[in-house]
file start_0.tsv (TSV, C-alpha atoms)
chain	number	residue	atom	x	y	z
A	11	MET	CA	-163.29	-78.14	138.03
A	12	ASN	CA	-159.71	-77.44	136.99
A	13	THR	CA	-157.83	-74.51	138.51
A	14	ALA	CA	-155.52	-72.50	136.27
A	15	ILE	CA	-151.85	-72.52	137.29
A	16	SER	CA	-149.35	-69.87	136.23
A	17	SER	CA	-145.77	-70.47	135.16
A	18	ASN	CA	-142.89	-68.53	133.58
A	19	LYS	CA	-140.99	-71.61	132.38
A	20	ARG	CA	-141.78	-74.46	130.03
A	21	LEU	CA	-139.73	-77.45	128.86
A	22	VAL	CA	-140.41	-79.60	125.82
A	23	ILE	CA	-138.36	-82.80	125.59
A	24	SER	CA	-138.41	-84.70	122.30
A	25	GLY	CA	-135.80	-87.37	121.80
A	26	ASP	CA	-132.38	-85.87	122.51
A	27	THR	CA	-133.71	-82.33	122.00
A	28	LEU	CA	-134.75	-80.05	124.84
A	29	GLU	CA	-136.51	-76.71	124.28
A	30	PHE	CA	-136.69	-74.26	127.18
A	31	TYR	CA	-139.14	-71.34	127.04
A	32	ASP	CA	-138.50	-68.52	129.51
A	33	TYR	CA	-141.55	-66.20	129.57
A	34	LYS	CA	-141.28	-62.63	130.80
A	35	GLN	CA	-145.02	-62.63	131.48
A	36	PRO	CA	-146.62	-65.69	133.10
A	37	TYR	CA	-148.79	-68.05	131.09
A	38	PHE	CA	-151.50	-70.31	132.45
A	39	TYR	CA	-152.01	-74.05	132.06
A	40	ASN	CA	-154.53	-76.58	133.37
A	41	TRP	CA	-157.29	-74.19	132.29
A	42	SER	CA	-159.52	-76.45	130.17
A	43	ASP	CA	-162.62	-75.69	132.24
A	44	LEU	CA	-162.19	-71.93	132.26
A	45	LYS	CA	-164.42	-69.75	130.09
A	46	LYS	CA	-162.86	-69.23	126.70
A	47	SER	CA	-162.82	-65.87	124.97
A	48	THR	CA	-165.13	-65.18	122.06
A	49	PRO	CA	-163.30	-65.90	118.78
A	50	THR	CA	-162.65	-63.02	116.43
A	51	ARG	CA	-164.05	-63.10	112.92
A	52	GLY	CA	-163.06	-61.90	109.49
A	53	GLU	CA	-160.40	-62.59	106.87
A	54	SER	CA	-157.53	-60.99	108.83
A	55	SER	CA	-158.21	-63.06	111.95
A	56	TYR	CA	-158.59	-66.18	109.79
A	57	LYS	CA	-155.21	-65.55	108.18
A	58	PHE	CA	-153.54	-64.96	111.53
A	59	LYS	CA	-154.98	-68.13	113.02
A	60	ARG	CA	-153.98	-70.22	110.01
A	61	GLU	CA	-150.40	-68.93	110.13
A	62	ASP	CA	-150.25	-69.67	113.84
A	63	ASN	CA	-151.72	-73.15	113.28
A	64	ILE	CA	-149.09	-73.87	110.63
A	65	LYS	CA	-146.24	-72.93	112.98
A	66	ARG	CA	-147.60	-75.01	115.85
A	67	ALA	CA	-148.40	-77.99	113.62
A	68	MET	CA	-144.91	-77.94	112.10
A	69	ALA	CA	-143.37	-77.76	115.59
A	70	THR	CA	-145.46	-80.77	116.62
A	71	ILE	CA	-144.35	-82.73	113.54
A	72	ARG	CA	-140.69	-81.87	114.20
A	73	ARG	CA	-140.92	-82.99	117.83
A	74	ILE	CA	-142.70	-86.25	117.00
A	75	ILE	CA	-140.01	-87.12	114.44
A	76	GLN	CA	-137.28	-86.33	116.98
A	77	CYS	CA	-139.00	-88.62	119.49
A	78	ASN	CA	-139.06	-91.55	117.05
A	79	GLN	CA	-135.80	-91.32	115.13
A	80	GLU	CA	-133.83	-93.64	117.43
A	81	ASP	CA	-133.82	-97.45	117.39
A	82	GLN	CA	-135.44	-97.80	113.98
A	83	LYS	CA	-134.89	-101.21	112.41
A	84	GLU	CA	-135.67	-99.97	108.90
A	85	GLN	CA	-134.77	-96.79	107.09
A	86	PRO	CA	-137.82	-94.44	107.20
A	87	LYS	CA	-139.74	-94.26	103.94
A	88	PHE	CA	-141.84	-91.51	102.40
A	89	LEU	CA	-145.01	-92.62	100.60
A	90	THR	CA	-147.12	-90.47	98.28
A	91	LEU	CA	-150.64	-91.75	97.54
A	92	THR	CA	-152.60	-90.20	94.67
A	93	TYR	CA	-156.02	-90.73	93.10
A	94	ALA	CA	-156.70	-91.77	89.52
A	95	THR	CA	-160.24	-90.39	89.77
A	96	ASP	CA	-161.36	-86.84	90.45
A	97	ILE	CA	-161.54	-86.98	94.25
A	98	LYS	CA	-161.44	-83.45	95.67
A	99	GLU	CA	-163.18	-83.82	99.02
A	100	LEU	CA	-161.46	-84.86	102.26
A	101	THR	CA	-164.73	-86.38	103.47
A	102	VAL	CA	-164.39	-88.91	100.63
A	103	ALA	CA	-160.61	-89.33	100.67
A	104	ASN	CA	-159.85	-89.59	104.39
A	105	PRO	CA	-161.76	-92.87	104.90
A	106	ASP	CA	-159.75	-94.37	102.01
A	107	PHE	CA	-156.50	-93.28	103.63
A	108	HIS	CA	-157.49	-94.66	107.02
A	109	GLN	CA	-158.37	-97.98	105.39
A	110	PHE	CA	-154.94	-98.00	103.72
A	111	GLY	CA	-153.35	-97.44	107.14
A	112	THR	CA	-155.29	-100.36	108.58
A	113	ASP	CA	-154.39	-102.67	105.69
A	114	ILE	CA	-150.68	-101.84	105.62
A	115	ARG	CA	-150.38	-102.37	109.39
A	116	THR	CA	-152.25	-105.67	109.11
A	117	THR	CA	-149.73	-106.78	106.48
A	118	TYR	CA	-146.48	-105.38	107.89
A	119	GLY	CA	-147.09	-105.00	111.60
A	120	ASP	CA	-147.91	-102.10	113.88
A	121	LEU	CA	-146.09	-99.44	111.85
A	122	GLN	CA	-145.58	-95.87	112.98
A	123	TYR	CA	-146.50	-93.09	110.58
A	124	ILE	CA	-147.14	-89.38	110.07
A	125	ALA	CA	-149.30	-88.29	107.12
A	126	VAL	CA	-150.35	-84.96	105.60
A	127	PRO	CA	-153.26	-84.56	103.12
A	128	GLU	CA	-152.79	-82.08	100.30
A	129	PHE	CA	-154.58	-80.85	97.17
A	130	GLN	CA	-152.71	-81.18	93.87
A	131	PRO	CA	-152.02	-77.72	92.39
A	132	VAL	CA	-153.63	-78.25	88.96
A	133	SER	CA	-156.23	-81.00	89.30
A	134	GLN	CA	-157.05	-80.14	92.95
A	135	ARG	CA	-157.33	-83.86	93.67
A	136	VAL	CA	-156.57	-85.01	97.20
A	137	HIS	CA	-153.33	-86.89	97.76
A	138	TYR	CA	-151.36	-87.93	100.83
A	139	HIS	CA	-147.74	-87.62	101.88
A	140	SER	CA	-146.81	-90.16	104.56
A	141	LEU	CA	-143.65	-90.81	106.53
A	142	TYR	CA	-143.50	-94.46	107.65
A	143	PHE	CA	-141.10	-95.79	110.26
A	144	ASN	CA	-140.00	-99.44	110.11
A	145	LEU	CA	-141.77	-100.18	106.82
A	146	PRO	CA	-139.78	-103.14	105.39
A	147	PHE	CA	-138.40	-103.44	101.88
A	148	MET	CA	-140.89	-104.78	99.30
A	149	ASN	CA	-139.74	-106.96	96.42
A	150	ASP	CA	-142.60	-105.82	94.18
A	151	PHE	CA	-143.64	-102.44	95.49
A	152	LYS	CA	-146.01	-101.53	92.64
A	153	SER	CA	-148.14	-104.66	92.85
A	154	GLU	CA	-148.22	-104.55	96.64
A	155	MET	CA	-149.28	-100.90	96.67
A	156	SER	CA	-151.89	-101.56	93.99
A	157	ARG	CA	-153.42	-104.07	96.36
A	158	LEU	CA	-153.25	-101.80	99.42
A	159	TRP	CA	-154.08	-98.55	97.58
A	160	PRO	CA	-156.36	-99.47	94.62
A	161	HIS	CA	-157.47	-95.85	94.09
A	162	GLY	CA	-154.54	-94.62	91.99
A	163	SER	CA	-150.76	-94.45	91.94
A	164	THR	CA	-148.12	-94.59	94.68
A	165	LYS	CA	-144.52	-93.46	95.05
A	166	ILE	CA	-141.93	-94.46	97.63
A	167	GLU	CA	-138.70	-92.72	98.66
A	168	ALA	CA	-136.10	-93.82	101.20
A	169	ILE	CA	-135.23	-91.09	103.69
A	170	ARG	CA	-131.52	-90.36	103.82
A	171	SER	CA	-131.64	-87.61	106.44
A	172	ILE	CA	-134.22	-87.96	109.20
A	173	ASN	CA	-133.27	-84.48	110.45
A	174	ALA	CA	-134.51	-82.99	107.19
A	175	MET	CA	-137.91	-84.68	107.42
A	176	PRO	CA	-139.69	-81.93	109.42
A	177	ARG	CA	-138.85	-79.39	106.72
A	178	TYR	CA	-139.75	-81.87	103.97
A	179	ILE	CA	-143.17	-82.59	105.45
A	180	GLY	CA	-143.54	-78.97	106.46
A	181	LYS	CA	-143.60	-77.70	102.89
A	182	TYR	CA	-146.65	-79.88	102.17
A	183	MET	CA	-148.25	-78.94	105.47
A	184	THR	CA	-147.84	-75.22	104.74
A	185	LYS	CA	-149.77	-75.58	101.50
A	186	SER	CA	-152.40	-77.81	103.06
A	187	LEU	CA	-153.07	-75.57	106.06
A	188	GLY	CA	-153.19	-72.52	103.82
A	189	ASP	CA	-156.16	-74.04	101.98
A	190	LYS	CA	-159.57	-73.14	103.43
A	191	ARG	CA	-160.85	-76.61	102.52
A	192	THR	CA	-158.81	-77.98	105.42
A	193	SER	CA	-160.31	-75.50	107.90
A	194	GLY	CA	-161.76	-77.31	110.89
A	195	ARG	CA	-160.11	-80.60	109.87
A	196	LYS	CA	-156.97	-82.37	110.99
A	197	SER	CA	-153.90	-80.98	109.26
A	198	PHE	CA	-152.04	-84.26	109.71
A	199	PHE	CA	-152.58	-87.82	110.95
A	200	THR	CA	-150.35	-89.90	113.21
A	201	SER	CA	-150.42	-93.47	114.41
A	202	ARG	CA	-151.20	-93.97	118.09
A	203	ASN	CA	-148.00	-95.93	118.75
A	204	LEU	CA	-145.65	-92.99	118.14
A	205	HIS	CA	-143.63	-91.67	121.05
A	206	ARG	CA	-144.75	-88.17	122.02
A	207	PRO	CA	-142.87	-85.14	123.42
A	208	ILE	CA	-142.80	-84.60	127.16
A	209	VAL	CA	-144.01	-81.12	128.15
A	210	VAL	CA	-143.12	-79.81	131.62
A	211	HIS	CA	-145.12	-76.75	132.65
A	212	ASN	CA	-144.18	-76.75	136.33
A	213	GLN	CA	-141.67	-73.95	136.84
A	214	LYS	CA	-139.75	-75.58	139.69
A	215	ARG	CA	-139.52	-78.94	137.92
A	216	SER	CA	-138.33	-77.29	134.67
A	217	ILE	CA	-135.42	-75.62	136.45
A	218	GLU	CA	-134.57	-78.83	138.31
A	219	ILE	CA	-134.34	-80.80	135.05
A	220	LEU	CA	-132.08	-78.18	133.47
A	221	GLU	CA	-129.78	-78.26	136.48
A	222	GLN	CA	-129.72	-82.08	136.63
A	223	TRP	CA	-128.87	-82.39	132.93
A	224	SER	CA	-126.54	-79.40	132.69
A	225	SER	CA	-123.42	-81.55	132.18
A	226	SER	CA	-124.89	-83.39	129.16
A	227	LEU	CA	-126.77	-80.54	127.47
A	228	LYS	CA	-125.23	-78.43	124.72
A	229	GLU	CA	-127.00	-75.18	123.85
A	230	ILE	CA	-127.17	-74.76	120.08
A	231	ALA	CA	-129.56	-71.81	119.71
A	232	ILE	CA	-131.09	-68.94	121.65
A	233	LYS	CA	-133.54	-66.31	120.44
A	234	GLU	CA	-136.12	-63.83	121.66
A	235	PHE	CA	-139.59	-63.49	120.17
A	236	GLN	CA	-143.25	-62.87	120.91
A	237	ASP	CA	-145.56	-65.86	120.94
A	238	TYR	CA	-148.99	-65.95	119.30
A	239	ARG	CA	-150.53	-64.36	122.41
A	240	GLY	CA	-148.08	-61.47	122.40
A	241	ARG	CA	-145.96	-62.70	125.31
A	242	ASP	CA	-142.20	-62.05	125.29
A	243	VAL	CA	-140.19	-65.26	125.30
A	244	VAL	CA	-136.51	-66.17	125.48
A	245	TYR	CA	-136.13	-69.53	123.74
A	246	HIS	CA	-133.21	-71.93	124.34
A	247	LEU	CA	-132.54	-75.01	122.23
A	248	PHE	CA	-130.37	-77.81	123.65
A	249	LYS	CA	-129.12	-81.16	122.41
A	250	GLY	CA	-128.14	-84.07	124.63
A	251	ALA	CA	-131.37	-84.54	126.57
call {"tool": "encode", "arguments": {"input": "start_0.tsv", "output": "structure tokens"}}
result
Amino acid sequence: MNTAISSNKRLVISGDTLEFYDYKQPYFYNWSDLKKSTPTRGESSYKFKREDNIKRAMATIRRIIQCNQEDQKEQPKFLTLTYATDIKELTVANPDFHQFGTDIRTTYGDLQYIAVPEFQPVSQRVHYHSLYFNLPFMNDFKSEMSRLWPHGSTKIEAIRSINAMPRYIGKYMTKSLGDKRTSGRKSFFTSRNLHRPIVVHNQKRSIEILEQWSSSLKEIAIKEFQDYRGRDVVYHLFKGA
């Protein structure tokens, strides 16, 4: 059985970005086996949870992109996959998307990707927005995509600013997570071969890392806020990790 451990510090390292959370009240980690509180019900609690989920999901997307923006052989590309038929259920659409992911990796190698499902505003059909790393140039994109995605149309865009990608994907994610049809389902998909952020909960180790890297880190933001559990936090954002 796991034993909960308290801490007042937390570090999140993603690529060259380091985020330091300094909590005024301790938080607990390593608590997966502890009894969880009974969830609240009702529209107001649903709205609060969805807003919180959006913020955390967007932070996760941002960190994953930061972890994978270095050493890319190809310029990242943004794919949009749409249906020609009236597909409005994720239970129907998601298997098609996962098959597309399998086929495109079989053809072009073990590609890294992040994808967000969304419902079109008028038709309400499901479509997918996907950021692909290291996807090579295709001489005949339309015919190749017709083979890999035979369900409708596709669009491809080269990404000029990787730093803008979290906001770009975030606008689709905000709409998707705000839709009750995505409740209880994954708000985004990622390939398993993506680098992931390093999270340091141990208070002593967090301070040691900050001290060790102090000469290379540049603080670019600091703010105070309350987290989703009502705890007061001083947040520091550094570059140069």
call {"tool": "residues_near_point", "arguments": {"input": "start_0.tsv", "point": "(-136.1, -100.7, 106.5)", "cutoff": "12 Å", "atoms": "all atoms listed in the file", "output": "PyMOL selection string"}}
result
chain A and resi 81-88+118+121+142-148+167-170
call {"tool": "atom_distance", "arguments": {"input": "start_0.tsv", "atom1": "CA of Thr92 in chain A", "atom2": "CA of Asp62 in chain A"}}
result
28.2 Å
call {"tool": "closest_residue", "arguments": {"input": "start_0.tsv", "among": "A:His246, A:Gly111, A:Val132, A:Arg202", "to": "Asp96 in chain A", "atoms": "only C-alpha atoms"}}
result
A:Val132
call {"tool": "residues_around", "arguments": {"input": "start_0.tsv", "residues": "Tyr33 in chain A", "least_positions_apart": "4", "cutoff": "10 Å", "atoms": "only C-alpha atoms", "output": "ChimeraX atom specification"}}
result
/A:17-20,37,234-237,241-245
call {"tool": "closest_residue", "arguments": {"input": "start_0.tsv", "among": "A:Met155, A:Ala94, A:Ile179, A:Ile74", "to": "Glu128 in chain A", "atoms": "only C-alpha atoms"}}
result
A:Ile179
call {"tool": "closest_residue", "arguments": {"input": "start_0.tsv", "among": "A:Arg72, A:Lys233, A:Lys165, A:Lys152", "to": "His139 in chain A", "atoms": "all atoms listed in the file"}}
result
A:Lys165
call {"tool": "residues_near_point", "arguments": {"input": "start_0.tsv", "point": "(-139.5, -75.3, 136.6)", "cutoff": "10 Å", "atoms": "only C-alpha atoms", "output": "PyMOL selection string"}}
result
chain A and resi 17-21+30+32+210-220
call {"tool": "closest_residue", "arguments": {"input": "start_0.tsv", "among": "A:Phe110, A:Trp223, A:Phe38, A:Tyr93", "to": "Ser133 in chain A", "atoms": "only C-alpha atoms"}}
result
A:Tyr93
call {"tool": "closest_residue", "arguments": {"input": "start_0.tsv", "among": "A:Ile97, A:Ile23, A:Val126, A:Ala174", "to": "His161 in chain A", "atoms": "all atoms listed in the file"}}
result
A:Ile97
call {"tool": "atom_distance", "arguments": {"input": "start_0.tsv", "atom1": "CA of Ser163 in chain A", "atom2": "CA of Gln76 in chain A"}}
result
29.6 Å
call {"tool": "closest_residue", "arguments": {"input": "start_0.tsv", "among": "A:Tyr39, A:Tyr238, A:Phe248, A:Tyr123", "to": "Ile64 in chain A", "atoms": "all atoms listed in the file"}}
result
A:Tyr238
call {"tool": "residues_around", "arguments": {"input": "start_0.tsv", "residues": "Leu100 in chain A", "least_positions_apart": "2", "cutoff": "10 Å", "atoms": "all atoms listed in the file", "output": "NGL selection string"}}
result
:A and (97-98 or 102-107 or 127-129 or 135-137 or 191-192 or 195)
call {"tool": "atom_distance", "arguments": {"input": "start_0.tsv", "atom1": "CA of Ile75 in chain A", "atom2": "CA of Leu89 in chain A"}}
result
15.7 Å
call {"tool": "axis_aligned_box", "arguments": {"input": "start_0.tsv", "around": "range 62-81 of chain A", "padding_each_side": "8 Å", "output": "lines of an AutoDock Vina configuration file"}}
result
center_x = -142.8
center_y = -83.6
center_z = 115.1
size_x = 33.9
size_y = 43.8
size_z = 24.9
